[in-house]
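Structure data follow from input.cif (mmCIF, C-alpha atoms):
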data_query
loop_
_atom_site.label_atom_id
_atom_site.label_comp_id
_atom_site.auth_asym_id
_atom_site.auth_seq_id
_atom_site.Cartn_x
_atom_site.Cartn_y
_atom_site.Cartn_z
CA MET A 676 0.00 0.00 0.00
CA ASN A 677 1.27 3.42 -0.87
CA THR A 678 1.41 6.31 1.51
CA ILE A 679 -0.11 9.69 0.71
CA SER A 680 2.05 12.71 -0.10
CA PRO A 681 2.50 15.22 2.72
CA ARG A 682 0.21 18.16 3.13
CA ASP A 683 1.88 21.00 1.22
CA TRP A 684 1.86 23.62 3.95
CA ALA A 685 2.95 26.29 1.48
CA SER A 686 -0.41 25.84 -0.25
CA HIS A 687 -2.77 26.01 2.71
CA PRO A 688 -3.94 28.74 5.08
CA PRO A 689 -2.83 28.75 8.72
CA TYR A 690 -5.28 27.90 11.50
CA LEU A 691 -4.94 31.36 13.02
CA HIS A 692 -5.44 34.22 10.58
CA ALA A 693 -6.30 37.41 12.45
CA PRO A 694 -8.15 39.21 9.62
CA TYR A 695 -10.68 36.32 9.62
CA ARG A 696 -11.88 36.96 13.14
CA SER A 697 -13.58 33.63 13.83
CA THR A 698 -10.22 31.84 13.67
CA SER A 699 -9.02 33.51 16.87
CA LEU A 700 -11.06 31.24 19.18
CA ARG A 701 -11.51 28.27 16.87
CA GLY A 702 -8.15 27.49 15.33
CA PRO A 703 -5.88 25.05 17.20
CA THR A 704 -2.99 26.92 18.82
CA LYS A 705 -0.61 24.07 19.56
CA PRO A 706 1.51 22.54 16.79
CA LEU A 707 -0.05 19.53 15.07
CA ILE A 708 1.46 16.25 16.21
CA PRO A 709 3.16 14.42 13.36
CA ILE A 710 2.16 10.77 13.11
CA GLN A 711 2.87 7.88 10.76
CA GLN A 712 0.26 6.96 8.18
CA THR A 713 -1.53 3.77 9.22
CA LEU A 714 -4.40 1.80 7.74
CA SER A 715 -6.72 4.23 9.51
CA GLU A 716 -5.41 7.14 7.44
CA LEU A 717 -4.86 5.17 4.22
CA THR A 718 -8.49 4.13 4.00
CA GLY A 719 -11.50 6.42 3.89
CA PRO A 720 -15.21 6.64 3.15
CA VAL A 721 -16.19 5.22 -0.24
CA TYR A 722 -19.03 6.97 -2.08
CA GLY A 723 -19.39 6.14 -5.76
CA HIS A 724 -21.99 6.70 -8.44
CA GLU A 725 -24.52 4.59 -6.53
CA SER A 726 -24.71 7.27 -3.82
CA LEU A 727 -26.14 9.90 -6.17
CA GLY A 728 -29.72 10.90 -6.85
CA ARG A 729 -30.66 11.44 -10.49
CA LEU A 730 -30.58 15.26 -10.40
CA ASP A 731 -27.92 15.73 -7.72
CA ALA A 732 -25.44 17.37 -10.11
CA ASP A 733 -27.97 19.80 -11.57
CA LEU A 734 -28.78 22.48 -9.01
CA THR A 735 -31.06 24.19 -11.52
CA LYS A 736 -33.35 21.16 -11.35
CA ASN A 737 -32.82 19.34 -8.07
CA ALA A 738 -35.07 21.57 -5.96
CA ARG A 739 -37.76 22.76 -8.36
CA ARG A 740 -41.25 23.22 -6.90
CA ASN A 741 -43.21 25.37 -9.32
CA GLY A 742 -40.73 26.55 -11.95
CA GLU A 743 -37.12 27.25 -12.75
CA PRO A 744 -34.79 28.93 -10.29
CA LEU A 745 -34.04 32.59 -11.01
CA GLY A 746 -30.62 33.76 -12.04
CA GLU A 747 -27.93 33.10 -14.59
CA ARG A 748 -27.35 29.41 -15.36
CA ILE A 749 -23.70 28.35 -15.32
CA ILE A 750 -21.74 25.15 -15.87
CA VAL A 751 -18.90 24.30 -13.49
CA THR A 752 -16.66 21.44 -14.53
CA GLY A 753 -13.10 20.26 -13.99
CA ARG A 754 -10.86 17.37 -13.12
CA VAL A 755 -9.86 16.03 -9.73
CA MET A 756 -6.30 14.76 -9.39
CA GLY A 757 -3.62 14.01 -6.86
CA ASP A 758 -0.50 16.14 -6.65
CA ASP A 759 1.30 13.22 -8.29
CA GLY A 760 -0.68 14.06 -11.42
CA ARG A 761 -2.94 11.01 -11.28
CA LEU A 762 -6.55 11.68 -12.20
CA LEU A 763 -9.02 10.48 -9.58
CA PRO A 764 -12.11 8.63 -10.85
CA ASP A 765 -15.11 7.73 -8.65
CA THR A 766 -14.53 10.64 -6.27
CA LEU A 767 -17.48 12.32 -4.60
CA LEU A 768 -17.82 16.09 -4.73
CA GLU A 769 -20.42 17.92 -2.67
CA ILE A 770 -21.10 21.60 -3.35
CA TRP A 771 -23.23 24.28 -1.71
CA GLN A 772 -23.78 27.95 -2.39
CA ALA A 773 -26.08 30.94 -2.04
CA ASN A 774 -28.85 31.70 -4.53
CA ALA A 775 -28.85 34.38 -7.22
CA CYS A 776 -29.65 37.03 -4.61
CA GLY A 777 -26.81 36.04 -2.31
CA ARG A 778 -29.07 34.29 0.19
CA TYR A 779 -28.34 30.87 1.70
CA VAL A 780 -31.20 28.48 2.36
CA HIS A 781 -29.71 27.81 5.80
CA LYS A 782 -32.15 28.74 8.56
CA THR A 783 -29.72 30.99 10.40
CA ASP A 784 -28.84 33.09 7.34
CA GLN A 785 -30.42 36.45 8.18
CA HIS A 786 -29.29 38.28 5.04
CA ASP A 787 -32.26 40.37 3.90
CA ALA A 788 -32.48 38.97 0.38
CA PRO A 789 -35.19 36.70 -0.98
CA LEU A 790 -35.17 32.94 -0.96
CA ASP A 791 -35.91 31.17 -4.23
CA PRO A 792 -38.52 28.42 -3.81
CA ASN A 793 -36.99 26.53 -6.73
CA PHE A 794 -33.38 26.59 -5.60
CA LEU A 795 -31.71 24.77 -2.71
CA GLY A 796 -28.07 25.36 -3.58
CA GLY A 797 -26.75 21.92 -2.69
CA GLY A 798 -25.49 19.29 -5.12
CA ARG A 799 -23.31 16.23 -5.58
CA CYS A 800 -21.34 14.64 -8.36
CA VAL A 801 -18.94 11.69 -8.69
CA THR A 802 -15.99 11.95 -11.07
CA ASP A 803 -15.93 9.83 -14.22
CA ASP A 804 -13.15 7.52 -15.42
CA GLU A 805 -11.01 10.55 -16.31
CA GLY A 806 -11.52 12.33 -13.00
CA ARG A 807 -14.01 14.76 -14.49
CA TYR A 808 -17.04 16.27 -12.76
CA ARG A 809 -19.74 18.60 -14.08
CA PHE A 810 -22.36 20.70 -12.30
CA TYR A 811 -25.14 22.90 -13.60
CA THR A 812 -26.04 25.68 -11.21
CA ILE A 813 -26.98 29.34 -10.85
CA LYS A 814 -24.44 32.13 -10.50
CA HIS A 815 -25.06 33.54 -7.07
CA GLY A 816 -24.94 37.01 -5.63
CA ALA A 817 -22.41 38.59 -3.31
CA TYR A 818 -22.97 37.86 0.33
CA PRO A 819 -22.56 40.29 3.26
CA TRP A 820 -21.11 39.00 6.52
CA GLY A 821 -20.17 40.40 9.89
CA ASN A 822 -16.43 39.96 9.92
CA HIS A 823 -15.69 43.68 9.63
CA HIS A 824 -17.39 46.87 8.52
CA ASN A 825 -18.95 46.52 5.06
CA ALA A 826 -17.66 42.97 4.62
CA TRP A 827 -18.81 41.05 1.53
CA ARG A 828 -17.76 37.58 0.50
CA PRO A 829 -16.76 37.28 -3.15
CA ASN A 830 -18.90 34.90 -5.16
CA HIS A 831 -17.92 31.41 -4.16
CA ILE A 832 -19.07 27.82 -4.33
CA HIS A 833 -18.19 25.55 -1.40
CA PHE A 834 -16.61 22.22 -2.38
CA SER A 835 -16.16 19.12 -0.23
CA LEU A 836 -14.17 16.09 -1.44
CA PHE A 837 -13.01 12.87 0.14
CA GLY A 838 -10.59 11.50 -2.44
CA PRO A 839 -9.24 7.96 -2.00
CA THR A 840 -8.30 8.12 1.70
CA LEU A 841 -8.94 10.05 4.88
CA LEU A 842 -5.80 12.10 4.20
CA THR A 843 -7.04 13.37 0.86
CA ARG A 844 -10.09 15.06 2.43
CA LEU A 845 -10.43 18.63 1.21
CA VAL A 846 -12.99 21.32 1.87
CA THR A 847 -12.41 24.43 -0.21
CA GLN A 848 -14.17 27.22 -2.08
CA MET A 849 -14.19 28.05 -5.77
CA TYR A 850 -14.07 31.71 -6.78
CA PHE A 851 -14.80 33.53 -10.02
CA PRO A 852 -12.28 35.37 -12.19
CA GLY A 853 -12.20 39.15 -12.01
CA ASP A 854 -14.15 39.45 -8.78
CA PRO A 855 -13.14 42.77 -7.14
CA LEU A 856 -13.99 41.39 -3.70
CA LEU A 857 -11.18 38.82 -3.79
CA GLU A 858 -8.63 41.46 -2.82
CA LEU A 859 -10.70 42.36 0.24
CA ASP A 860 -11.72 38.90 1.42
CA PRO A 861 -9.82 37.59 4.46
CA ILE A 862 -10.87 34.00 3.77
CA TYR A 863 -9.55 33.96 0.19
CA GLN A 864 -6.51 35.94 1.31
CA SER A 865 -5.78 33.45 4.10
CA ALA A 866 -4.24 31.08 1.56
CA PRO A 867 -0.67 31.97 0.59
CA ALA A 868 -0.09 34.16 -2.46
CA GLY A 869 0.79 31.90 -5.36
CA ALA A 870 -1.56 29.22 -4.02
CA ARG A 871 -4.83 31.12 -3.55
CA GLU A 872 -5.08 31.78 -7.29
CA ARG A 873 -5.66 28.03 -7.77
CA MET A 874 -9.10 28.51 -6.23
CA ILE A 875 -10.21 30.83 -9.05
CA ALA A 876 -12.08 29.09 -11.85
CA ASN A 877 -11.35 29.93 -15.48
CA PHE A 878 -14.05 31.03 -17.86
CA SER A 879 -14.14 28.67 -20.85
CA ILE A 880 -15.87 29.32 -24.16
CA ASP A 881 -15.40 25.63 -24.96
CA VAL A 882 -17.40 24.57 -21.91
CA THR A 883 -19.99 27.29 -22.54
CA GLU A 884 -23.15 25.86 -24.12
CA PRO A 885 -24.51 28.02 -26.97
CA GLY A 886 -27.73 29.76 -26.08
CA PHE A 887 -27.81 28.17 -22.66
CA ALA A 888 -25.10 28.82 -20.08
CA LEU A 889 -21.56 30.10 -19.53
CA GLY A 890 -18.95 27.54 -18.58
CA TYR A 891 -16.23 27.64 -15.91
CA VAL A 892 -13.40 25.20 -15.32
CA PHE A 893 -12.11 24.46 -11.84
CA ASP A 894 -9.51 21.71 -11.46
CA ILE A 895 -8.92 20.42 -7.95
CA VAL A 896 -5.64 18.94 -6.70
CA LEU A 897 -5.68 16.71 -3.61
CA ARG A 898 -2.79 15.11 -1.80
CA GLY A 899 -1.56 12.36 -4.12
CA ARG A 900 0.33 9.13 -3.77
CA GLY A 901 3.43 9.37 -1.61
CA ALA A 902 6.93 8.31 -2.51
CA THR A 903 7.28 5.50 -0.01
CA PRO A 904 5.16 2.43 0.61
CA MET A 905 3.66 1.99 4.06
CA GLU A 906 5.71 -0.05 6.47
CA ARG A 907 4.44 -3.65 6.35
CA THR A 908 3.45 -5.51 9.44
CA PRO A 909 5.70 -8.59 9.50
CA MET B 42 4.54 14.28 -14.94
CA THR B 43 8.23 14.00 -14.12
CA ASP B 44 9.16 17.65 -14.46
CA GLY B 45 8.89 19.20 -11.01
CA ALA B 46 7.87 22.52 -12.49
CA ASP B 47 4.77 20.93 -14.00
CA LYS B 48 3.78 19.03 -10.90
CA PRO B 49 0.27 20.01 -9.88
CA ARG B 50 0.11 21.78 -6.55
CA GLN B 51 -2.53 21.20 -3.91
CA THR B 52 -5.68 23.27 -3.96
CA PRO B 53 -5.79 25.35 -0.75
CA SER B 54 -8.23 24.44 1.99
CA GLN B 55 -10.93 26.91 3.03
CA THR B 56 -13.43 26.99 5.85
CA VAL B 57 -16.60 24.90 5.62
CA GLY B 58 -18.42 28.08 6.71
CA PRO B 59 -21.63 28.30 8.72
CA TYR B 60 -24.10 27.09 6.06
CA PHE B 61 -23.04 23.57 5.14
CA ALA B 62 -26.06 21.81 6.61
CA TYR B 63 -28.45 21.76 3.62
CA CYS B 64 -25.81 19.94 1.59
CA LEU B 65 -23.73 17.91 4.05
CA THR B 66 -26.26 17.08 6.79
CA PRO B 67 -29.62 17.97 5.18
CA GLN B 68 -31.88 15.41 6.83
CA GLN B 69 -30.53 16.08 10.32
CA TYR B 70 -31.41 19.76 9.88
CA GLY B 71 -34.75 19.20 8.15
CA TYR B 72 -33.90 20.13 4.56
CA ASP B 73 -35.53 18.35 1.64
CA PHE B 74 -32.40 16.70 0.25
CA ALA B 75 -31.15 13.16 0.86
CA SER B 76 -28.17 12.77 3.20
CA ILE B 77 -25.31 10.43 2.27
CA ALA B 78 -24.42 9.92 5.93
CA SER B 79 -25.79 10.58 9.39
CA GLY B 80 -24.94 10.03 13.04
CA THR B 81 -26.10 6.44 12.87
CA LEU B 82 -23.24 4.30 11.63
CA ALA B 83 -24.68 1.02 12.85
CA GLY B 84 -28.25 -0.21 13.06
CA HIS B 85 -29.19 -3.09 15.34
CA GLU B 86 -28.37 -5.64 12.64
CA ILE B 87 -24.66 -4.82 12.80
CA ASP B 88 -22.46 -7.11 14.87
CA GLY B 89 -20.55 -5.64 17.78
CA GLU B 90 -20.94 -3.75 21.02
CA HIS B 91 -23.41 -0.97 20.34
CA ILE B 92 -22.39 2.36 21.83
CA ARG B 93 -23.24 6.04 21.68
CA ILE B 94 -20.56 8.70 21.47
CA GLU B 95 -21.53 12.17 22.62
CA GLY B 96 -19.61 15.35 22.97
CA ARG B 97 -19.35 19.03 22.36
CA VAL B 98 -16.92 21.23 20.48
CA LEU B 99 -15.61 24.02 22.71
CA ASP B 100 -13.92 27.16 21.45
CA GLY B 101 -11.06 29.01 23.14
CA ALA B 102 -13.51 30.78 25.46
CA GLY B 103 -15.07 27.47 26.53
CA THR B 104 -18.26 28.21 24.59
CA PRO B 105 -19.91 25.24 22.87
CA VAL B 106 -19.80 25.63 19.09
CA ASP B 107 -23.21 25.26 17.43
CA ASP B 108 -22.05 25.24 13.81
CA ALA B 109 -19.39 22.55 13.80
CA LEU B 110 -19.43 19.48 11.57
CA ILE B 111 -17.99 16.25 12.97
CA GLU B 112 -17.11 13.28 10.77
CA PHE B 113 -16.29 9.76 11.99
CA TRP B 114 -14.29 7.19 10.04
CA GLN B 115 -13.95 3.88 11.81
CA ALA B 116 -13.42 0.16 11.48
CA ASP B 117 -16.09 -2.40 12.33
CA ALA B 118 -16.13 -4.51 15.49
CA GLN B 119 -13.55 -6.85 13.95
CA GLY B 120 -11.28 -3.94 13.06
CA ARG B 121 -12.00 -4.02 9.32
CA TYR B 122 -12.38 -0.88 7.20
CA ALA B 123 -14.93 -0.85 4.38
CA HIS B 124 -12.26 0.19 1.89
CA PRO B 125 -10.34 -1.69 -0.82
CA ALA B 126 -7.00 -1.01 0.90
CA ASP B 127 -7.97 -3.11 3.92
CA PRO B 128 -6.30 -6.47 3.19
CA ARG B 129 -8.75 -8.43 5.30
CA GLY B 130 -11.67 -7.65 3.06
CA SER B 131 -14.39 -5.17 3.72
CA ASN B 132 -17.49 -5.55 5.78
CA LEU B 133 -19.87 -3.97 3.31
CA ALA B 134 -22.73 -3.95 5.81
CA PHE B 135 -20.81 -1.43 7.88
CA LYS B 136 -19.76 1.62 5.88
CA GLY B 137 -17.85 3.17 8.77
CA PHE B 138 -18.57 6.81 7.99
CA GLY B 139 -20.78 9.18 9.97
CA ARG B 140 -21.44 12.89 9.92
CA VAL B 141 -23.24 15.15 12.39
CA GLY B 142 -23.59 18.90 12.83
CA THR B 143 -23.76 20.45 16.30
CA GLY B 144 -26.63 22.78 15.37
CA THR B 145 -29.69 20.68 16.18
CA ASP B 146 -29.11 19.41 19.73
CA PRO B 147 -30.27 21.76 22.55
CA HIS B 148 -26.93 21.17 24.30
CA LYS B 149 -24.95 21.60 21.06
CA ARG B 150 -23.74 18.01 21.21
CA PHE B 151 -22.81 15.70 18.40
CA ILE B 152 -24.26 12.23 18.97
CA PHE B 153 -23.16 9.14 17.06
CA HIS B 154 -24.73 5.68 17.28
CA THR B 155 -22.20 3.07 16.32
CA VAL B 156 -20.35 -0.08 17.34
CA LYS B 157 -17.08 -0.06 19.20
CA PRO B 158 -14.33 -0.68 16.63
CA GLY B 159 -11.85 -3.54 16.90
CA SER B 160 -8.11 -3.12 16.64
CA VAL B 161 -7.23 -2.48 13.00
CA ASP B 162 -3.81 -4.04 12.71
CA GLY B 163 -3.01 -5.74 15.99
CA LYS B 164 -0.76 -2.83 16.96
CA GLN B 165 -3.20 0.01 17.39
CA ALA B 166 -5.74 0.30 20.16
CA PRO B 167 -9.38 0.58 19.09
CA HIS B 168 -10.04 4.11 17.92
CA ILE B 169 -12.27 6.30 15.78
CA ASN B 170 -10.78 8.81 13.34
CA VAL B 171 -12.42 12.22 13.61
CA ILE B 172 -12.47 15.18 11.26
CA VAL B 173 -13.52 18.51 12.77
CA LEU B 174 -14.77 21.34 10.57
CA MET B 175 -16.43 24.64 11.37
CA ARG B 176 -16.68 28.30 10.53
CA GLY B 177 -13.41 29.78 11.74
CA THR B 178 -11.21 26.81 10.89
CA LEU B 179 -9.56 27.34 7.52
CA LEU B 180 -8.26 23.78 7.46
CA HIS B 181 -10.10 20.85 9.01
CA ALA B 182 -8.58 19.33 12.14
CA TYR B 183 -7.88 15.61 12.46
CA THR B 184 -7.93 13.73 15.75
CA ARG B 185 -8.82 10.32 17.16
CA ILE B 186 -11.09 8.98 19.87
CA TYR B 187 -9.68 6.23 22.07
CA PHE B 188 -11.63 4.35 24.75
CA ALA B 189 -10.99 4.64 28.49
CA ASP B 190 -11.73 0.94 29.09
CA GLU B 191 -8.89 -0.10 26.74
CA ALA B 192 -6.11 1.04 29.05
CA ALA B 193 -3.74 -1.84 28.26
CA ALA B 194 -4.05 -1.38 24.48
CA ASN B 195 -3.88 2.41 24.80
CA ALA B 196 -0.61 2.14 26.74
CA VAL B 197 1.18 0.66 23.71
CA ASP B 198 -0.67 2.39 20.87
CA PRO B 199 1.96 3.95 18.58
CA ILE B 200 -0.13 7.01 17.76
CA LEU B 201 -1.01 7.75 21.39
CA LEU B 202 2.66 7.33 22.27
CA ALA B 203 3.49 10.06 19.74
CA VAL B 204 1.37 12.46 21.80
CA PRO B 205 3.08 14.18 24.75
CA ALA B 206 2.07 12.24 27.88
CA GLY B 207 0.30 15.21 29.42
CA ARG B 208 -2.02 15.57 26.43
CA ARG B 209 -2.98 11.93 25.83
CA ASP B 210 -6.09 12.09 27.93
CA THR B 211 -7.54 14.69 25.52
CA LEU B 212 -8.03 11.69 23.19
CA ILE B 213 -9.66 9.30 25.68
CA ALA B 214 -13.45 8.99 25.74
CA VAL B 215 -14.92 8.27 29.15
CA ARG B 216 -17.30 5.31 29.40
CA GLU B 217 -20.62 5.62 31.20
CA GLU B 218 -23.48 3.15 31.55
CA THR B 219 -26.86 4.83 31.22
CA PRO B 220 -30.47 3.57 31.13
CA THR B 221 -30.33 3.94 27.33
CA GLY B 222 -27.07 2.05 26.87
CA THR B 223 -23.35 2.57 26.90
CA VAL B 224 -22.21 6.13 26.25
CA TYR B 225 -18.71 7.43 25.68
CA ARG B 226 -18.23 11.13 26.31
CA PHE B 227 -15.67 13.00 24.24
CA ASP B 228 -15.43 16.78 24.14
CA ILE B 229 -13.24 18.46 21.55
CA HIS B 230 -11.37 21.51 22.81
CA MET B 231 -10.13 23.68 19.97
CA GLN B 232 -7.87 25.72 22.27
CA GLY B 233 -6.89 26.20 25.88
CA GLU B 234 -5.25 24.08 28.56
CA ARG B 235 -7.14 20.99 27.45
CA GLU B 236 -6.69 21.63 23.72
CA THR B 237 -7.34 18.34 21.93
CA ALA B 238 -4.30 16.76 20.31
CA PHE B 239 -4.65 17.21 16.54
CA PHE B 240 -2.53 15.31 14.06
CA ASP B 241 -0.60 15.80 10.85
CA ALA B 242 -0.26 12.41 9.14
#

Before anything else, please render the file you have as structure tokens.
Amino acid sequence: MNTISPRDWASHPPYLHAPYRSTSLRGPTKPLIPIQQTLSELTGPVYGHESLGRLDADLTKNARRNGEPLGERIIVTGRVMGDDGRLLPDTLLEIWQANACGRYVHKTDQHDAPLDPNFLGGGRCVTDDEGRYRFYTIKHGAYPWGNHHNAWRPNHIHFSLFGPTLLTRLVTQMYFPGDPLLELDPIYQSAPAGARERMIANFSIDVTEPGFALGYVFDIVLRGRGATPMERTP
Amino acid sequence: MTDGADKPRQTPSQTVGPYFAYCLTPQQYGYDFASIASGTLAGHEIDGEHIRIEGRVLDGAGTPVDDALIEFWQADAQGRYAHPADPRGSNLAFKGFGRVGTGTDPHKRFIFHTVKPGSVDGKQAPHINVIVLMRGTLLHAYTRIYFADEAAANAVDPILLAVPAGRRDTLIAVREETPTGTVYRFDIHMQGERETAFFDA
């Protein structure tokens, strides 16, 4: 069995990032304890195509009650791979986002913008044989939050992935190119310069469907296979 | 890809945020969307000692967090993982994954119904792998739950031994017999004197 490559600390945000105020009481303060990778870390939850509902990957359809959701339809697609370059088939992605007005369905979201009865904002997809996923959704609005005066999150879609093992787990956010709020957002800015740009999707005219929806490409890189095999139990 | 310059680099982690529930734990929170996992890892038909694991997530001020997401990954009662990498073959009846948010319990607890796992490789004490996510953590935290009534196995567990002696008890769940069955209590302290030991594997 192969190990998993180390977490690339130069690519990830720190636990404590003062401009994002909620980290100050919620981020661990003591150094992480390095441990060997055992069978517990080199296995992980398995969710394949059988775990999906028919419309899970189409957020424009999976919560319709009396019509189509409002807003601009978009396509979000990309490939999931390890940092060893291997494409990852049969990998579950879960996404969630606000609606076209910037309002989350979540019951504690108090943002004074309307809910859309035909849009939930949650979806799932499993990658194909070439590591590819594809969602249809609605481009959502900017979202105000209480982190600081006049704070607005840039447009973002939350992504959750397991990958092949517990160590490949990744929860991240996808952003949109050219968003002026990126420069002002402490969550986006928490990732190191040179790495944070990987969270920005690319507009693609090739993915765009004529007369229907603009297309964006967002490739996701998880921890890949490590260089050394796991120590065998004699 | 052999050229180091072309090697893909990891996508940065970001916070799960406060509004994950309608996608990640929809049924627990009452949203009309099927959940892929819940706090019940094992129904009565599953072999093993049935237990409940309860706890809270406490921030640096000691306040219980009501928007955390806790994920369990564990072996079955024989210590087998439902994953192709487990050489002993999977127990497909027991998926081994659970997921609970702390936003629906009046005491802000996470509650899992499961079976006590067996030892996975003869070297490690029985344990449950735990991923902790919430608004305010930019990268999920990874820890483990060990069991107080496994003192002999815990004393030689290689992962517990990697933890400074004074912090090992942050990973030990306390066993309690209640009228509704066996409960293990395990609070997760994000900061402070009792900060839970978190790992980098």

Expand the PyMOL selection byres ((chain B) within 8 of (chain A)) into the explicit residue set it covers here, and present it as a PDB file with C-alpha atoms, keeping the file's coordinate frame.
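Here's the written file expr_9.pdb:
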ATOM      1  CA  MET B  42       4.540  14.280 -14.940  1.00  0.00           C
ATOM      2  CA  LYS B  48       3.780  19.030 -10.900  1.00  0.00           C
ATOM      3  CA  PRO B  49       0.270  20.010  -9.880  1.00  0.00           C
ATOM      4  CA  ARG B  50       0.110  21.780  -6.550  1.00  0.00           C
ATOM      5  CA  GLN B  51      -2.530  21.200  -3.910  1.00  0.00           C
ATOM      6  CA  THR B  52      -5.680  23.270  -3.960  1.00  0.00           C
ATOM      7  CA  PRO B  53      -5.790  25.350  -0.750  1.00  0.00           C
ATOM      8  CA  SER B  54      -8.230  24.440   1.990  1.00  0.00           C
ATOM      9  CA  GLN B  55     -10.930  26.910   3.030  1.00  0.00           C
ATOM     10  CA  THR B  56     -13.430  26.990   5.850  1.00  0.00           C
ATOM     11  CA  VAL B  57     -16.600  24.900   5.620  1.00  0.00           C
ATOM     12  CA  TYR B  60     -24.100  27.090   6.060  1.00  0.00           C
ATOM     13  CA  PHE B  61     -23.040  23.570   5.140  1.00  0.00           C
ATOM     14  CA  ALA B  62     -26.060  21.810   6.610  1.00  0.00           C
ATOM     15  CA  TYR B  63     -28.450  21.760   3.620  1.00  0.00           C
ATOM     16  CA  CYS B  64     -25.810  19.940   1.590  1.00  0.00           C
ATOM     17  CA  LEU B  65     -23.730  17.910   4.050  1.00  0.00           C
ATOM     18  CA  ILE B  77     -25.310  10.430   2.270  1.00  0.00           C
ATOM     19  CA  ASP B 100     -13.920  27.160  21.450  1.00  0.00           C
ATOM     20  CA  GLY B 101     -11.060  29.010  23.140  1.00  0.00           C
ATOM     21  CA  ALA B 102     -13.510  30.780  25.460  1.00  0.00           C
ATOM     22  CA  TRP B 114     -14.290   7.190  10.040  1.00  0.00           C
ATOM     23  CA  GLN B 115     -13.950   3.880  11.810  1.00  0.00           C
ATOM     24  CA  TYR B 122     -12.380  -0.880   7.200  1.00  0.00           C
ATOM     25  CA  ALA B 123     -14.930  -0.850   4.380  1.00  0.00           C
ATOM     26  CA  HIS B 124     -12.260   0.190   1.890  1.00  0.00           C
ATOM     27  CA  PRO B 125     -10.340  -1.690  -0.820  1.00  0.00           C
ATOM     28  CA  ALA B 126      -7.000  -1.010   0.900  1.00  0.00           C
ATOM     29  CA  ASP B 127      -7.970  -3.110   3.920  1.00  0.00           C
ATOM     30  CA  LYS B 136     -19.760   1.620   5.880  1.00  0.00           C
ATOM     31  CA  GLY B 137     -17.850   3.170   8.770  1.00  0.00           C
ATOM     32  CA  PHE B 138     -18.570   6.810   7.990  1.00  0.00           C
ATOM     33  CA  VAL B 161      -7.230  -2.480  13.000  1.00  0.00           C
ATOM     34  CA  ASP B 162      -3.810  -4.040  12.710  1.00  0.00           C
ATOM     35  CA  ASN B 170     -10.780   8.810  13.340  1.00  0.00           C
ATOM     36  CA  ARG B 176     -16.680  28.300  10.530  1.00  0.00           C
ATOM     37  CA  GLY B 177     -13.410  29.780  11.740  1.00  0.00           C
ATOM     38  CA  THR B 178     -11.210  26.810  10.890  1.00  0.00           C
ATOM     39  CA  LEU B 179      -9.560  27.340   7.520  1.00  0.00           C
ATOM     40  CA  LEU B 180      -8.260  23.780   7.460  1.00  0.00           C
ATOM     41  CA  HIS B 181     -10.100  20.850   9.010  1.00  0.00           C
ATOM     42  CA  ILE B 200      -0.130   7.010  17.760  1.00  0.00           C
ATOM     43  CA  ALA B 203       3.490  10.060  19.740  1.00  0.00           C
ATOM     44  CA  VAL B 204       1.370  12.460  21.800  1.00  0.00           C
ATOM     45  CA  MET B 231     -10.130  23.680  19.970  1.00  0.00           C
ATOM     46  CA  GLN B 232      -7.870  25.720  22.270  1.00  0.00           C
ATOM     47  CA  GLU B 236      -6.690  21.630  23.720  1.00  0.00           C
ATOM     48  CA  ALA B 238      -4.300  16.760  20.310  1.00  0.00           C
ATOM     49  CA  PHE B 239      -4.650  17.210  16.540  1.00  0.00           C
ATOM     50  CA  PHE B 240      -2.530  15.310  14.060  1.00  0.00           C
ATOM     51  CA  ASP B 241      -0.600  15.800  10.850  1.00  0.00           C
ATOM     52  CA  ALA B 242      -0.260  12.410   9.140  1.00  0.00           C
TER      53      ALA B 242
END

So which residues get picked by the PyMOL selection byres ((chain A and resi 792) around 9) here, written as number ranges by chain? A: 738-742, 744, 790-791, 793-795

Give me, please, the distance in Å between atom CA of A:Pro819 and atom CA of B:Val173, quoted to one decimal. 25.4 Å

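Picture a line from atom CA of A:Gly869 to atom CA of A:Phe851; it runs 16.4 Å.
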
Can you tell me, as number ranges by chain, what residues are no more than 7 Å from A:Cys776 when counting only C-alpha atoms, ignoring any on the same chain fewer than 3 positions away? A: 788-789, 815-816

Restricted to C-alpha atoms, what would the selected residues look like written as a PDB file, in the frame of the given file?
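Below is the file that was written, result35.pdb:
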ATOM      1  CA  ALA A 788     -32.480  38.970   0.380  1.00  0.00           C
ATOM      2  CA  PRO A 789     -35.190  36.700  -0.980  1.00  0.00           C
ATOM      3  CA  HIS A 815     -25.060  33.540  -7.070  1.00  0.00           C
ATOM      4  CA  GLY A 816     -24.940  37.010  -5.630  1.00  0.00           C
TER       5      GLY A 816
END

Could you state the separation of atom CA of A:Gln864 and atom CA of A:Gly777 in Å, given to one decimal place? 20.6 Å

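If you count only C-alpha atoms and ignore residues fewer than 3 places along the chain from B:Asp210, what sits within 9 Å of it is Ala189, Ala206, Gly207, Ile213, Ala214, Arg235 and Thr237 of chain B.
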
Write out, as a compact mmCIF listing (two decimals), in the coordinates of the input, the residues just selected, with C-alpha atoms.
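The resulting out.txt:
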# COMPACT_ATOMS: atom_id res chain seq x y z
CA ALA B 189 -10.99 4.64 28.49
CA ALA B 206 2.07 12.24 27.88
CA GLY B 207 0.30 15.21 29.42
CA ILE B 213 -9.66 9.30 25.68
CA ALA B 214 -13.45 8.99 25.74
CA ARG B 235 -7.14 20.99 27.45
CA THR B 237 -7.34 18.34 21.93

With the file shown as input, list the residues that the PyMOL selection byres ((chain B and resi 222) around 12) selects, as a ChimeraX atom specification. /B:90-94,154-156,216-221,223-225
